[in-house]
Protein chains: 2
Amino acid sequence: MKHRILFLSIAVVTLFLCFTFQAYPQGSNHKIAIVIHGGAGTILKSNMTPETENQYREKLTEAMSTGYNILKNGGTSMDAVEATIKIMEDSPLFNAGKGAVFTHEGTNELDASIMDGKTLKAGAVAGVKRIKNPINLARLVMEKTWHVLLTGEGAEKFAQEQGVELVPQEYFKTERRWKQIQDILEKEKADSAKQGIVPEKHGTVGCVALDKFGNIAAGTSTGGMTNKRFGRVGDSPIIGAGTYANNSTCGVSCTGDGEYFIRLGVAKDISDLMEYKSMSVKDAAQTVIDKLTKLGGTGGVIALDKDGNIAMPFNTSGMYRGYINKNGKPVVEIYKE
Amino acid sequence: MKHRILFLSIAVVTLFLCFTFQAYPQGSNHKIAIVIHGGAGTILKSNMTPETENQYREKLTEAMSTGYNILKNGGTSMDAVEATIKIMEDSPLFNAGKGAVFTHEGTNELDASIMDGKTLKAGAVAGVKRIKNPINLARLVMEKTWHVLLTGEGAEKFAQEQGVELVPQEYFKTERRWKQIQDILEKEKADSAKQGIVPEKHGTVGCVALDKFGNIAAGTSTGGMTNKRFGRVGDSPIIGAGTYANNSTCGVSCTGDGEYFIRLGVAKDISDLMEYKSMSVKDAAQTVIDKLTKLGGTGGVIALDKDGNIAMPFNTSGMYRGYINKNGKPVVEIYKE
C-alpha cells in the first residue's frame, strides 16, 4: 500500500511537471531583445545637421524602448514588433505611414508585412492608400483571415470590415516628400532621358523581437520608392524577401533595392544559411549582403537569432538602426562607423 | 625564332578556345528538358470521364511539345517556358488565362511570374483583370523595367504602354467556372457559416525548362482561388514562393494552397536544400512537400535541375503533370498512381 501511494505521488508530480514545461516549453526566462531599422541609403554625417541627427536618434530610441518595455513586462514579440513599427509609421522622419514617399501620380501607396516565428503564420498588405498603420492591418490579415497577402482596394475593404478607420490621402503628406516628387517630375519634364530616376530610396522601417517565451517576430513597413509607377511592389510585403521569422533560426527585416531583395529571397536566405549550413546569424546576414553587393543591389538587413544575437549589416553609407539586448541599454547607430 | 612562333601559335589557339568556352560555358550540347503542371488537387479517376481525361492529356502534350521543340531547335528556356504556359493560359481546361476562376465579386483576377536562372532576373504581375496572357506581361516586366512585381491597374497601364492588347473581362468567362462561383455564393447565402468556402483550388499552371546552353527558366500562371476576396494574392506571382530558377541548382513552379507556399518559401527552399545541403532535386522537392504536409497545406511542385533531373511530388490525390527529357518522348501523368 505504501508503495502504491509513493508511485501515485511520483506520477502526479511528474504529470504536473510535464504540463508545466509544455506550457512554457523554453522556460519563461528566455533572453529578450529587440532590433530596429529606419532605412538604409546615402546617409552621410556631412549631410546631416546635429538637430536632424538628434531627431532620428530620439525617435529610434523611443520606438525600440516601447517594444522593449512590452517584452520586459512579459509581452509577446508580435506585440513588441507591431507597437515599435507603429511609432515609426506615425513619425514623418521615415518612409512609412505618415511621411511616406509619393508615387509618380502623386499618391501614397503603402506596403507592410509581419510574421510570427512560432507558427510561421504571416500577414501582409500591398498598395494600400488609406490605412494609417499598415503594420496593424498586416497583423489583422494574419489573425483574422487564412490569407497572407491582401492588395489595393480589396485590402482596404477588408480593413473597413474589421472596423479599421481609413484616413484621407492628405494624412500621409509631408512638405519634404511633396517637394521631393515635384523636383523629380520637373527634372523628368526637362529631360525625358531622366525618366524614372529615384534619388532617395531609403526610409523603410522594420523590427525584429525575441520575447521571454523564445518566440521571434519580424515586421517591415514602407511607402516604397519615390516616383514609383504601375502598381510597383517591392520586397517589404513579400514574406521570405523583406520579412521572415522562424523560432528555430532567426527573424529578419530588410531595407534597400526591393527588386534585388526579392530576386535573392534575402530574409529567408539568412534563415536557410543558419538552418542548412549551421552559420551564425552574423555570418549568414553578411553572406547575403555580399550576394546583394555582387548582384548590384544596395541596402541592409537586421536579424536577431533565437539566442538574442544581433546582426545589422548593410552595403550603403548608412542605415538608421538600433537595438536593446539583455543589458537593457538602447544603442542607436546611423553611419557606417 | 621557331620557338617564338610555336609559343605564339599555342597562345592564339588557347585564347581562341578560352573565348569559345566562355561564350558557351557549358557547351552547346547540354541536355534539354521540360516539365509542366496544370494544377494539383482532388483529381480522382473515378470523377473523370475518359473524354475529359483525354482533353487534359492532349493539351498537356501539346503545351510541353511546343516548349520542347523550341529547346530542340536551339531556343532558350525563357522562350520555351513562355510559349508553353501561353498554351495552357489559352485553354479553358486550366485555372489560368481563359477559364480562370471567379472572385467573390464575379471578376477574374490573374497572377503570373517568370524567372531566368542565368541572371536571377524575374518579372511578375498580380491582380490583373484584362491581360489575355499574364505570362507574357510578366516577361515584359522582367525585360522592359527594373521592377519585379507590378500589380492591378498599374500593371495594366504598363501593358498598354508596351502595346499589349487588353481584353474585356468576358474573354476569361467559361460556363463551368461561372456555375462554380454561383453555386458557392448560393451556399453562402443559405448558410452564412459557410462563407469563404473554396471547393476547388487546383488549376494553376507552370513550366520549368532547361535549354542547350544550360540555362534554366521557370514560370507560373493562375486565376487564384475561387471566391477570393479583398485583393487576395497567392504564391504564383511571388518569386521564391511559387516560382524560382537558378542555373546553379534548379527551377521550380508550384501549385496548391498559396498561403502555405508563401509561408514556407517553397520554390527557393528546394533550391536552398540543393545548394546548402547538397540534396538531389528529388530529395529536396520531397523534403519541402513533407514540410507542407506537416504545416497542413496541400499541393505540389515541379522541379528540374541543371542536369535535366526531374521531380514532381505532391500531397493531393492528383496533379496534372508531364515532362519530356533527353529521349524526346512526352510523358503525361494525372493521378497519384
# chains A, B, ... in the order shown; residues from 1 in each chain; ligands from 1

call {"tool": "select_by_dssp", "arguments": {"residues": "segment 204-276 of chain B", "states": "helix (DSSP H, G or I)", "output": "VMD selection string"}}
result
chain B and resid 258 to 264 266 to 276

call {"tool": "closest_atom_pairs", "arguments": {"of": "chain B", "to": "chain A", "cutoff": "10 Å", "atoms": "only C-alpha atoms", "output": "JSON lines"}}
result
{"residue": "B:Met115", "atom": "CA", "partner": "A:Arg263", "partner_atom": "CA", "distance": 8.8}
{"residue": "B:Thr119", "atom": "CA", "partner": "A:Leu295", "partner_atom": "CA", "distance": 9.0}
{"residue": "B:Leu120", "atom": "CA", "partner": "A:Arg263", "partner_atom": "CA", "distance": 6.2}
{"residue": "B:Lys121", "atom": "CA", "partner": "A:Arg263", "partner_atom": "CA", "distance": 6.7}
{"residue": "B:Ala122", "atom": "CA", "partner": "A:Arg263", "partner_atom": "CA", "distance": 6.8}
{"residue": "B:Gly123", "atom": "CA", "partner": "A:Arg263", "partner_atom": "CA", "distance": 9.5}
{"residue": "B:Val125", "atom": "CA", "partner": "A:Arg232", "partner_atom": "CA", "distance": 9.3}
{"residue": "B:Ala126", "atom": "CA", "partner": "A:Thr151", "partner_atom": "CA", "distance": 9.1}
{"residue": "B:Gly127", "atom": "CA", "partner": "A:Thr151", "partner_atom": "CA", "distance": 8.4}
{"residue": "B:Thr145", "atom": "CA", "partner": "A:Gly196", "partner_atom": "CA", "distance": 9.9}
{"residue": "B:Trp146", "atom": "CA", "partner": "A:Glu259", "partner_atom": "CA", "distance": 7.6}
{"residue": "B:His147", "atom": "CA", "partner": "A:Glu259", "partner_atom": "CA", "distance": 5.9}
{"residue": "B:Val148", "atom": "CA", "partner": "A:Glu259", "partner_atom": "CA", "distance": 5.7}
{"residue": "B:Leu149", "atom": "CA", "partner": "A:Val233", "partner_atom": "CA", "distance": 5.6}
{"residue": "B:Leu150", "atom": "CA", "partner": "A:Arg232", "partner_atom": "CA", "distance": 4.4}
{"residue": "B:Thr151", "atom": "CA", "partner": "A:Gly231", "partner_atom": "CA", "distance": 4.8}
{"residue": "B:Gly152", "atom": "CA", "partner": "A:Gly231", "partner_atom": "CA", "distance": 6.4}
{"residue": "B:Glu153", "atom": "CA", "partner": "A:Gly231", "partner_atom": "CA", "distance": 7.1}
{"residue": "B:Gly154", "atom": "CA", "partner": "A:Phe230", "partner_atom": "CA", "distance": 3.5}
{"residue": "B:Ala155", "atom": "CA", "partner": "A:Phe230", "partner_atom": "CA", "distance": 5.0}
{"residue": "B:Glu156", "atom": "CA", "partner": "A:Phe230", "partner_atom": "CA", "distance": 7.6}
{"residue": "B:Lys157", "atom": "CA", "partner": "A:Phe230", "partner_atom": "CA", "distance": 6.4}
{"residue": "B:Phe158", "atom": "CA", "partner": "A:Phe230", "partner_atom": "CA", "distance": 5.9}
{"residue": "B:Ala159", "atom": "CA", "partner": "A:Phe230", "partner_atom": "CA", "distance": 9.2}
{"residue": "B:Gly196", "atom": "CA", "partner": "A:Thr145", "partner_atom": "CA", "distance": 9.9}
{"residue": "B:Lys228", "atom": "CA", "partner": "A:His147", "partner_atom": "CA", "distance": 9.7}
{"residue": "B:Arg229", "atom": "CA", "partner": "A:Gly154", "partner_atom": "CA", "distance": 6.8}
{"residue": "B:Phe230", "atom": "CA", "partner": "A:Gly154", "partner_atom": "CA", "distance": 3.5}
{"residue": "B:Gly231", "atom": "CA", "partner": "A:Gly154", "partner_atom": "CA", "distance": 4.4}
{"residue": "B:Arg232", "atom": "CA", "partner": "A:Leu150", "partner_atom": "CA", "distance": 4.4}
{"residue": "B:Val233", "atom": "CA", "partner": "A:Leu149", "partner_atom": "CA", "distance": 5.5}
{"residue": "B:Gly234", "atom": "CA", "partner": "A:Leu149", "partner_atom": "CA", "distance": 7.0}
{"residue": "B:Asp235", "atom": "CA", "partner": "A:Leu149", "partner_atom": "CA", "distance": 9.2}
{"residue": "B:Ile238", "atom": "CA", "partner": "A:Ile238", "partner_atom": "CA", "distance": 7.5}
{"residue": "B:Ile239", "atom": "CA", "partner": "A:Ile262", "partner_atom": "CA", "distance": 6.6}
{"residue": "B:Gly240", "atom": "CA", "partner": "A:Gly265", "partner_atom": "CA", "distance": 6.1}
{"residue": "B:Ala241", "atom": "CA", "partner": "A:Gly240", "partner_atom": "CA", "distance": 8.0}
{"residue": "B:Tyr244", "atom": "CA", "partner": "A:Arg263", "partner_atom": "CA", "distance": 8.7}
{"residue": "B:Ala245", "atom": "CA", "partner": "A:Arg263", "partner_atom": "CA", "distance": 9.7}
{"residue": "B:Asp257", "atom": "CA", "partner": "A:His147", "partner_atom": "CA", "distance": 9.8}
{"residue": "B:Gly258", "atom": "CA", "partner": "A:His147", "partner_atom": "CA", "distance": 8.6}
{"residue": "B:Glu259", "atom": "CA", "partner": "A:Val148", "partner_atom": "CA", "distance": 5.7}
{"residue": "B:Tyr260", "atom": "CA", "partner": "A:Val148", "partner_atom": "CA", "distance": 8.7}
{"residue": "B:Ile262", "atom": "CA", "partner": "A:Ile239", "partner_atom": "CA", "distance": 6.6}
{"residue": "B:Arg263", "atom": "CA", "partner": "A:Leu120", "partner_atom": "CA", "distance": 6.2}
{"residue": "B:Leu264", "atom": "CA", "partner": "A:Leu120", "partner_atom": "CA", "distance": 7.8}
{"residue": "B:Gly265", "atom": "CA", "partner": "A:Gly240", "partner_atom": "CA", "distance": 6.1}
{"residue": "B:Val266", "atom": "CA", "partner": "A:Gly240", "partner_atom": "CA", "distance": 9.9}
{"residue": "B:Lys268", "atom": "CA", "partner": "A:Gly265", "partner_atom": "CA", "distance": 7.6}
{"residue": "B:Asp269", "atom": "CA", "partner": "A:Asp272", "partner_atom": "CA", "distance": 7.8}
{"residue": "B:Asp272", "atom": "CA", "partner": "A:Asp272", "partner_atom": "CA", "distance": 7.0}
{"residue": "B:Leu273", "atom": "CA", "partner": "A:Tyr276", "partner_atom": "CA", "distance": 7.2}
{"residue": "B:Met274", "atom": "CA", "partner": "A:Tyr276", "partner_atom": "CA", "distance": 9.9}
{"residue": "B:Glu275", "atom": "CA", "partner": "A:Tyr276", "partner_atom": "CA", "distance": 9.3}
{"residue": "B:Tyr276", "atom": "CA", "partner": "A:Tyr276", "partner_atom": "CA", "distance": 5.9}
{"residue": "B:Lys277", "atom": "CA", "partner": "A:Tyr276", "partner_atom": "CA", "distance": 6.0}
{"residue": "B:Ser278", "atom": "CA", "partner": "A:Tyr276", "partner_atom": "CA", "distance": 9.8}
{"residue": "B:Leu295", "atom": "CA", "partner": "A:Leu120", "partner_atom": "CA", "distance": 9.0}

call {"tool": "atom_distance", "arguments": {"atom1": "atom CA of Gly203 of chain A", "atom2": "atom CA of Gly38 of chain A"}}
result
5.5 Å

call {"tool": "closest_residue", "arguments": {"among": "A:Tyr320, A:Tyr56, A:Tyr68, A:Phe261", "to": "Ala80 of chain A", "atoms": "only C-alpha atoms"}}
result
A:Tyr68

call {"tool": "residues_around", "arguments": {"residues": "Lys31 of chain A", "least_positions_apart": "2", "cutoff": "12 Å", "atoms": "only C-alpha atoms", "output": "number ranges by chain"}}
result
A: 26-29, 33-34, 68, 71-72, 74, 77, 209-216, 304-309, 324-328

call {"tool": "select_by_dssp", "arguments": {"residues": "segment 1-221 of chain B", "states": "strand (DSSP E or B)", "output": "ChimeraX atom specification"}}
result
/B:33-41,110-116,121-128,131,149-151,166,205-210,216-221

call {"tool": "closest_residue", "arguments": {"among": "B:Leu44, B:Leu185, B:Val167, B:Ile36", "to": "Gly318 of chain B", "atoms": "only C-alpha atoms"}}
result
B:Leu44

call {"tool": "closest_residue", "arguments": {"among": "A:Val205, A:Met78, A:Ile181, A:Val332", "to": "Glu53 of chain A", "atoms": "only C-alpha atoms"}}
result
A:Val332

call {"tool": "residues_around", "arguments": {"residues": "Ala40 of chain B", "least_positions_apart": "6", "cutoff": "7 Å", "atoms": "only C-alpha atoms", "output": "PyMOL selection string"}}
result
chain B and resi 202-203+255-256+299-300+316+318-320

call {"tool": "residues_around", "arguments": {"residues": "Thr84 of chain B", "least_positions_apart": "2", "cutoff": "12 Å", "atoms": "only C-alpha atoms", "output": "VMD selection string"}}
result
chain B and resid 34 to 38 59 to 71 77 to 82 86 to 91 133 135 to 136 205 to 209 217 to 221 322 to 323

call {"tool": "write_last_selection", "arguments": {"atoms": "C-alpha atoms", "output": "PDB file, in the first residue's frame"}}
result
ATOM      1  CA  ILE B  34      10.914  20.463 -69.953  1.00  0.00           C
ATOM      2  CA  VAL B  35       8.404  19.764 -67.162  1.00  0.00           C
ATOM      3  CA  ILE B  36       4.914  21.200 -66.689  1.00  0.00           C
ATOM      4  CA  HIS B  37       1.946  21.132 -64.325  1.00  0.00           C
ATOM      5  CA  GLY B  38      -1.701  22.079 -64.719  1.00  0.00           C
ATOM      6  CA  LYS B  59      -3.485  19.759 -74.069  1.00  0.00           C
ATOM      7  CA  LEU B  60      -0.604  18.974 -71.684  1.00  0.00           C
ATOM      8  CA  THR B  61       1.178  17.120 -74.505  1.00  0.00           C
ATOM      9  CA  GLU B  62       0.593  19.970 -76.954  1.00  0.00           C
ATOM     10  CA  ALA B  63       1.848  22.563 -74.467  1.00  0.00           C
ATOM     11  CA  MET B  64       5.070  20.808 -73.471  1.00  0.00           C
ATOM     12  CA  SER B  65       5.819  19.634 -77.013  1.00  0.00           C
ATOM     13  CA  THR B  66       5.660  23.264 -78.151  1.00  0.00           C
ATOM     14  CA  GLY B  67       8.191  24.203 -75.486  1.00  0.00           C
ATOM     15  CA  TYR B  68      10.343  21.175 -76.197  1.00  0.00           C
ATOM     16  CA  ASN B  69      10.533  21.956 -79.913  1.00  0.00           C
ATOM     17  CA  ILE B  70      11.776  25.446 -79.084  1.00  0.00           C
ATOM     18  CA  LEU B  71      14.513  23.892 -76.948  1.00  0.00           C
ATOM     19  CA  SER B  77      14.421  28.110 -71.803  1.00  0.00           C
ATOM     20  CA  MET B  78      12.740  31.521 -71.290  1.00  0.00           C
ATOM     21  CA  ASP B  79      11.060  31.249 -74.716  1.00  0.00           C
ATOM     22  CA  ALA B  80      10.076  27.625 -74.055  1.00  0.00           C
ATOM     23  CA  VAL B  81       8.502  28.407 -70.664  1.00  0.00           C
ATOM     24  CA  GLU B  82       6.604  31.421 -72.003  1.00  0.00           C
ATOM     25  CA  LYS B  86       0.647  30.617 -73.013  1.00  0.00           C
ATOM     26  CA  ILE B  87      -0.959  27.483 -74.471  1.00  0.00           C
ATOM     27  CA  MET B  88      -2.284  26.464 -71.040  1.00  0.00           C
ATOM     28  CA  GLU B  89      -3.491  30.029 -70.359  1.00  0.00           C
ATOM     29  CA  ASP B  90      -5.410  29.960 -73.649  1.00  0.00           C
ATOM     30  CA  SER B  91      -7.063  26.627 -72.778  1.00  0.00           C
ATOM     31  CA  ASN B 133      -1.658  36.209 -71.302  1.00  0.00           C
ATOM     32  CA  ILE B 135       2.896  35.208 -68.509  1.00  0.00           C
ATOM     33  CA  ASN B 136       3.807  37.470 -71.466  1.00  0.00           C
ATOM     34  CA  VAL B 205      -0.265  26.116 -64.498  1.00  0.00           C
ATOM     35  CA  GLY B 206       3.521  26.124 -64.525  1.00  0.00           C
ATOM     36  CA  CYS B 207       6.573  25.136 -66.520  1.00  0.00           C
ATOM     37  CA  VAL B 208      10.312  24.703 -65.990  1.00  0.00           C
ATOM     38  CA  ALA B 209      12.747  24.258 -68.876  1.00  0.00           C
ATOM     39  CA  ALA B 217      13.805  29.164 -66.601  1.00  0.00           C
ATOM     40  CA  ALA B 218      10.600  28.751 -64.580  1.00  0.00           C
ATOM     41  CA  GLY B 219       7.136  30.295 -64.789  1.00  0.00           C
ATOM     42  CA  THR B 220       3.705  30.058 -63.159  1.00  0.00           C
ATOM     43  CA  SER B 221       0.274  31.484 -64.037  1.00  0.00           C
ATOM     44  CA  GLY B 322       4.153  15.931 -67.685  1.00  0.00           C
ATOM     45  CA  TYR B 323       7.709  16.070 -68.923  1.00  0.00           C
TER      46      TYR B 323
END
